[in-house]
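The structure file data_27.cif is reproduced below (mmCIF, C-alpha atoms).
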```
data_input
loop_
_atom_site.label_atom_id
_atom_site.label_comp_id
_atom_site.auth_asym_id
_atom_site.auth_seq_id
_atom_site.Cartn_x
_atom_site.Cartn_y
_atom_site.Cartn_z
CA MET N 1 0.00 0.00 0.00
CA PRO N 2 1.30 3.51 -0.81
CA THR N 3 2.06 6.04 1.92
CA ALA N 4 1.66 9.82 1.92
CA HIS N 5 2.21 12.54 4.47
CA PHE N 6 -0.64 14.83 5.53
CA ILE N 7 -0.77 18.11 7.38
CA PHE N 8 -4.02 19.89 8.23
CA HIS N 9 -3.97 23.62 8.85
CA GLY N 10 -5.89 25.90 11.19
CA ALA N 11 -9.35 24.95 12.40
CA LEU N 12 -9.28 21.63 10.52
CA ASN N 13 -7.23 20.32 13.42
CA ASP N 14 -10.46 20.40 15.47
CA PHE N 15 -11.46 17.19 13.67
CA LEU N 16 -8.22 15.29 14.30
CA PRO N 17 -7.02 13.35 17.33
CA PRO N 18 -4.42 15.30 19.38
CA ALA N 19 -1.48 13.27 18.07
CA ARG N 20 -2.16 14.37 14.49
CA ARG N 21 -2.78 18.08 15.06
CA GLY N 22 -0.48 20.76 13.68
CA ALA N 23 2.25 18.51 12.31
CA PRO N 24 2.74 16.12 9.37
CA PHE N 25 1.74 12.49 9.87
CA SER N 26 1.97 9.45 7.62
CA LEU N 27 -1.00 7.58 6.19
CA ARG N 28 -1.14 4.31 4.28
CA PHE N 29 -3.96 4.02 1.77
CA ASP N 30 -5.25 2.17 -1.26
CA ALA N 31 -4.02 3.62 -4.53
CA HIS N 32 -7.55 4.03 -5.93
CA GLN N 33 -8.69 6.32 -3.09
CA SER N 34 -9.28 9.98 -3.96
CA VAL N 35 -8.22 13.07 -2.02
CA LYS N 36 -11.81 13.51 -0.80
CA HIS N 37 -11.99 9.92 0.40
CA LEU N 38 -8.73 10.20 2.33
CA VAL N 39 -9.52 13.59 3.88
CA GLU N 40 -12.93 12.42 5.04
CA ALA N 41 -11.61 9.06 6.24
CA LEU N 42 -9.48 11.14 8.62
CA GLY N 43 -12.66 12.78 9.95
CA VAL N 44 -12.57 16.12 8.09
CA PRO N 45 -15.72 17.03 6.08
CA HIS N 46 -14.91 18.26 2.58
CA LEU N 47 -17.21 21.27 3.10
CA GLU N 48 -14.78 22.51 5.75
CA VAL N 49 -11.88 22.44 3.25
CA ARG N 50 -10.91 25.49 1.19
CA ALA N 51 -7.95 24.05 -0.72
CA VAL N 52 -5.69 21.02 -1.02
CA GLN N 53 -2.09 20.98 -2.22
CA ILE N 54 -0.10 17.89 -3.21
CA ALA N 55 3.65 18.45 -3.41
CA GLY N 56 2.98 22.20 -3.47
CA ALA N 57 0.54 22.12 -6.40
CA ALA N 58 -3.22 22.69 -6.23
CA ALA N 59 -5.22 19.48 -6.18
CA ALA N 60 -8.88 18.58 -6.65
CA PHE N 61 -10.95 16.29 -4.46
CA ASP N 62 -11.12 13.70 -7.27
CA ASP N 63 -7.34 13.53 -7.67
CA ARG N 64 -5.26 10.55 -6.57
CA VAL N 65 -2.36 10.92 -4.16
CA PRO N 66 1.08 9.81 -5.41
CA GLU N 67 3.30 7.67 -3.22
CA GLY N 68 5.40 9.67 -0.76
CA SER N 69 3.63 13.00 -1.42
CA LEU N 70 3.06 15.75 1.10
CA VAL N 71 -0.65 16.62 1.17
CA GLN N 72 -1.54 19.95 2.78
CA VAL N 73 -5.20 20.68 3.58
CA TYR N 74 -6.39 24.24 4.27
CA PRO N 75 -9.60 25.31 6.05
CA ARG N 76 -12.41 27.50 4.88
CA GLU N 77 -12.41 30.71 6.83
CA ALA N 78 -14.74 33.69 6.49
CA GLU N 79 -17.12 33.32 3.52
CA SER N 80 -18.79 36.51 2.33
CA LEU N 81 -21.96 35.59 0.43
CA PRO N 82 -24.68 37.72 -1.17
CA PRO N 83 -27.59 38.34 1.23
CA GLU N 84 -29.96 36.16 -0.80
CA GLU N 85 -27.66 33.17 -0.24
CA LEU N 86 -27.59 33.57 3.55
CA ARG N 87 -30.33 31.01 4.13
CA PHE N 88 -29.89 28.22 6.66
CA VAL N 89 -31.20 24.84 7.72
CA LEU N 90 -30.17 23.50 11.13
CA ASP N 91 -30.05 20.04 12.66
CA ASN N 92 -32.00 18.90 15.71
CA HIS N 93 -29.33 19.95 18.23
CA LEU N 94 -29.29 23.64 17.32
CA GLY N 95 -32.67 25.01 18.34
CA ARG N 96 -31.36 28.00 20.28
CA LEU N 97 -29.00 28.89 17.46
CA ALA N 98 -31.93 28.75 15.03
CA ALA N 99 -33.95 31.16 17.19
CA SER N 100 -30.98 33.53 17.41
CA LEU N 101 -30.44 33.57 13.65
CA ARG N 102 -34.12 34.28 13.12
CA MET N 103 -33.92 37.09 15.66
CA LEU N 104 -31.14 38.60 13.53
CA GLY N 105 -33.38 38.41 10.46
CA PHE N 106 -31.98 35.35 8.64
CA ASP N 107 -34.17 32.80 6.90
CA THR N 108 -33.59 29.74 9.09
CA LEU N 109 -35.33 26.37 8.90
CA TYR N 110 -35.35 24.19 12.01
CA ARG N 111 -37.36 21.31 13.42
CA ASN N 112 -36.47 19.04 16.32
CA ASP N 113 -37.38 15.95 14.31
CA TYR N 114 -35.38 16.46 11.11
CA GLN N 115 -33.80 13.26 9.79
CA ASP N 116 -30.40 13.36 8.10
CA ASP N 117 -31.79 12.56 4.65
CA GLU N 118 -34.32 15.38 4.95
CA LEU N 119 -31.67 17.86 6.08
CA ALA N 120 -29.44 16.97 3.14
CA ALA N 121 -32.32 17.08 0.65
CA THR N 122 -33.55 20.45 1.96
CA ALA N 123 -30.07 21.96 1.83
CA ALA N 124 -29.61 20.73 -1.74
CA ALA N 125 -33.06 21.58 -3.10
CA GLN N 126 -33.24 25.05 -1.54
CA GLN N 127 -29.52 25.85 -1.71
CA ARG N 128 -29.35 26.44 2.03
CA ILE N 129 -26.31 26.43 4.29
CA LEU N 130 -26.47 23.41 6.57
CA LEU N 131 -25.40 24.02 10.15
CA THR N 132 -24.88 20.81 12.08
CA ARG N 133 -22.90 19.19 14.86
CA ASP N 134 -22.68 15.97 12.83
CA ARG N 135 -19.49 16.03 10.79
CA ARG N 136 -20.53 12.90 8.87
CA LEU N 137 -23.60 14.67 7.54
CA LEU N 138 -21.36 17.32 5.98
CA MET N 139 -19.57 14.63 3.98
CA ARG N 140 -22.56 14.16 1.66
CA LYS N 141 -21.83 15.40 -1.85
CA ALA N 142 -25.32 16.82 -2.39
CA ILE N 143 -25.00 19.48 0.31
CA PRO N 144 -23.90 22.78 -1.30
CA ARG N 145 -22.53 24.58 1.77
CA GLY N 146 -22.20 23.75 5.42
CA TYR N 147 -20.44 24.34 8.69
CA CYS N 148 -19.79 21.94 11.53
CA VAL N 149 -20.69 23.75 14.75
CA ARG N 150 -18.00 22.74 17.24
CA GLN N 151 -19.21 24.90 20.10
CA THR N 152 -21.77 23.64 22.64
CA ASP N 153 -22.52 27.05 24.18
CA PRO N 154 -25.29 28.81 22.15
CA PRO N 155 -23.75 32.32 22.29
CA GLN N 156 -20.43 30.93 21.08
CA GLN N 157 -22.24 29.02 18.34
CA LEU N 158 -23.89 32.22 17.18
CA GLY N 159 -20.63 34.16 17.23
CA ALA N 160 -18.89 31.44 15.21
CA VAL N 161 -21.60 31.36 12.53
CA VAL N 162 -21.70 35.17 12.29
CA GLN N 163 -17.93 35.23 11.75
CA ARG N 164 -17.85 32.28 9.34
CA TYR N 165 -20.45 33.78 7.00
CA VAL N 166 -19.72 37.48 7.64
CA LEU N 167 -23.30 38.04 8.77
CA ALA N 168 -22.85 41.29 10.70
CA PRO N 169 -23.41 43.64 7.71
CA HIS N 170 -26.63 41.79 6.86
CA ILE N 171 -28.30 41.75 10.28
CA ARG N 172 -31.89 42.99 10.03
CA PRO N 173 -33.29 42.29 13.49
CA PHE N 174 -36.87 41.60 14.53
CA GLN N 175 -38.08 40.77 11.02
CA ARG N 176 -38.72 37.06 11.56
CA CYS N 177 -40.63 34.95 14.04
CA MET N 178 -38.20 33.26 16.40
CA ARG N 179 -40.66 30.40 16.81
CA CYS N 180 -41.40 29.45 13.19
CA ASN N 181 -39.33 31.68 10.85
CA GLY N 182 -42.35 33.55 9.45
CA LEU N 183 -42.01 37.20 8.42
CA LEU N 184 -43.49 39.50 11.08
CA GLN N 185 -46.12 42.08 10.27
CA PRO N 186 -47.27 45.13 12.25
CA VAL N 187 -50.54 44.54 14.05
CA ASP N 188 -52.94 46.90 15.85
CA LYS N 189 -52.96 46.61 19.59
CA ALA N 190 -56.71 46.17 19.58
CA ASP N 191 -56.37 43.05 17.43
CA VAL N 192 -54.17 41.26 19.97
CA LEU N 193 -55.45 42.81 23.18
CA ASP N 194 -57.03 39.60 24.40
CA ARG N 195 -53.66 37.84 24.18
CA LEU N 196 -51.73 40.33 26.31
CA GLU N 197 -50.91 40.25 30.00
CA PRO N 198 -52.24 43.21 32.03
CA LEU N 199 -48.88 44.99 32.34
CA THR N 200 -48.17 44.51 28.63
CA ARG N 201 -51.52 46.10 27.80
CA LEU N 202 -50.69 49.02 30.05
CA TYR N 203 -47.13 49.85 29.00
CA PHE N 204 -46.76 48.81 25.34
CA ASN N 205 -48.49 50.00 22.20
CA GLU N 206 -46.44 48.70 19.25
CA PHE N 207 -46.80 45.05 18.28
CA ARG N 208 -45.85 42.67 15.51
CA GLN N 209 -47.37 39.31 14.78
CA CYS N 210 -46.36 36.25 12.81
CA PRO N 211 -49.08 35.47 10.25
CA ALA N 212 -48.11 31.80 10.29
CA CYS N 213 -48.14 30.86 13.99
CA ARG N 214 -49.85 34.04 15.36
CA GLN N 215 -47.06 34.68 17.89
CA VAL N 216 -47.14 38.31 19.09
CA TYR N 217 -43.96 40.37 19.68
CA TRP N 218 -43.33 43.68 21.42
CA LYS N 219 -40.33 45.53 22.81
CA GLY N 220 -40.46 44.14 26.31
CA SER N 221 -37.66 43.59 28.82
CA HIS N 222 -35.99 41.10 26.49
CA TYR N 223 -35.64 43.73 23.76
CA ALA N 224 -32.69 45.57 25.36
CA HIS N 225 -30.94 42.25 25.89
CA MET N 226 -31.36 41.36 22.22
CA LEU N 227 -29.99 44.76 21.21
CA GLY N 228 -26.92 44.02 23.35
CA THR N 229 -26.47 40.73 21.53
CA ILE N 230 -26.71 42.42 18.13
CA THR N 231 -24.24 45.16 19.13
CA ALA N 232 -21.75 42.56 20.29
CA LEU N 233 -22.02 40.70 16.99
CA GLU N 234 -21.72 43.85 14.88
CA GLN N 235 -18.58 44.81 16.80
CA GLY N 236 -17.05 41.42 16.11
CA ARG N 237 -17.03 40.05 19.62
CA THR N 238 -17.14 36.26 19.48
CA ARG N 239 -19.13 35.76 22.67
CA PRO N 240 -22.22 37.95 22.76
CA PRO N 241 -24.49 38.04 25.81
CA VAL N 242 -26.52 34.93 26.46
CA LEU N 243 -29.96 35.01 24.85
CA LYS N 244 -32.68 34.52 27.42
#
```
Structure encoded using structure tokens:
Amino acid sequence: MPTAHFIFHGALNDFLPPARRGAPFSLRFDAHQSVKHLVEALGVPHLEVRAVQIAGAAAAFDDRVPEGSLVQVYPREAESLPPEELRFVLDNHLGRLAASLRMLGFDTLYRNDYQDDELAATAAAQQRILLTRDRRLLMRKAIPRGYCVRQTDPPQQLGAVVQRYVLAPHIRPFQRCMRCNGLLQPVDKADVLDRLEPLTRLYFNEFRQCPACRQVYWKGSHYAHMLGTITALEQGRTRPPVLK
């Protein structure tokens, strides 16, 4: 079996065992295996890879690796996309992240019962960015774009996604329903009066409602906290305040 030497750069080391991080290591493989096959066999999703070099020359995922070569694998970093392409679908473990992205105004699909096949099909059919904690899911060829969310803390997850896709310039807060992703519409206070608590009726006069799920929104005590979150993200801080 041929042998090659691999080195993974930057954040790609997150996917490797400690002994293989940040330094070249040797790998034996079958000669028919492609670059993509070898990279993913080592646990690194191809959607996390920006470029591959073999012996200093650019390589494609379908290429074969010559015996004794040095293979260098480079991570995707910040991706600046047009606003219309900043549409997401999230796996079952990322409910709070989904609500936060909706709060920032981004079209974000989420259900707590999505199956992997449905996530992949939705990402492919609607050209959505898949956010997931399952690295294996990101190895499917049909998925156009995706990011493996390493963080477990929701504010850190949000900060990482905002940085990865350069979302700060495109934040349009309080446009979408945090519950179902519907577009909010202004609503007269009289039309929702029977749904309001006594103090809300007394102190607030401006309301929005989701036409899909009928959830009502107003600038209550949570509003200032959300503004703090948005300010932190726009200023590039990676750990905004915790969303309540």
*Give me the result of the PyMOL selection byres ((chain N and resi 148) around 6) on this file, residue by residue, as an NGL selection string.*
:N and (132-133 or 135 or 147 or 149)
_Would you pick out the contacts of range 43-58 of chain N at 10 Å or less, using only C-alpha atoms, so that residues sharing its chain but fewer than 2 positions from it are not included, and give the list as JSON, numbers by chain?_
{"N": [4, 5, 6, 8, 9, 11, 12, 13, 14, 15, 16, 17, 35, 36, 37, 38, 39, 40, 41, 60, 61, 63, 64, 65, 66, 68, 69, 70, 71, 72, 73, 74, 75, 76, 77, 134, 135, 136, 137, 138, 139, 140, 141, 143, 144, 145, 146, 147, 148]}
*Can you pull out every residue within 10 Å of range 164-174 of chain N, counting only C-alpha atoms, but drop anything in the same chain fewer than 4 positions away, and send it as a PyMOL selection string?*
chain N and resi 76-83+86+100-106+129+147+158-160+178+183-184+208+217-219+223+226-227+230-236
_Between CA of Arg195 in chain N and CA of Thr108 in chain N, distance in Å (one decimal)_ = 26.4 Å
*Any idea what the distance is between CA of Gly182 in chain N and CA of Asp113 in chain N?*
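Straight-line distance from CA of Gly182 in chain N to CA of Asp113 in chain N works out to 18.9 Å.
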*asked:* Taking the file as I've supplied it (selection: the PyMOL selection byres ((chain N and resi 30) around 9)), which residues are included? Please answer as JSON, numbers by chain.
replied: {"N": [1, 2, 3, 28, 29, 31, 32, 33]}
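Take the candidates N:Ala124, N:Ala23, N:Leu97, N:Asn92 and check each one against Asn112 in chain N using all atoms listed in the file; the shortest distance goes to N:Asn92.
Of note, CA of Val161 in chain N and CA of Val216 in chain N are spaced 27.3 Å apart.
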*Return the single residue from N:Arg87, N:Arg150, N:Arg179, N:His93 that is closest to Gln127 in chain N, with distances computed using all atoms listed in the file.*
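Using all atoms listed in the file, Gln127 in chain N sits closest to N:Arg87.
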*asked:* Under the PyMOL selection byres ((chain N and resi 205) around 12), which residues of this model are included? Write them out as a ChimeraX atom specification.
replied: /N:186-193,196,199-204,206-208,217-220
_Using all atoms listed in the file: which of N:Asp107, N:Glu118, N:Asp153, N:Glu67 has the shortest distance to Leu94 in chain N_ = N:Asp153
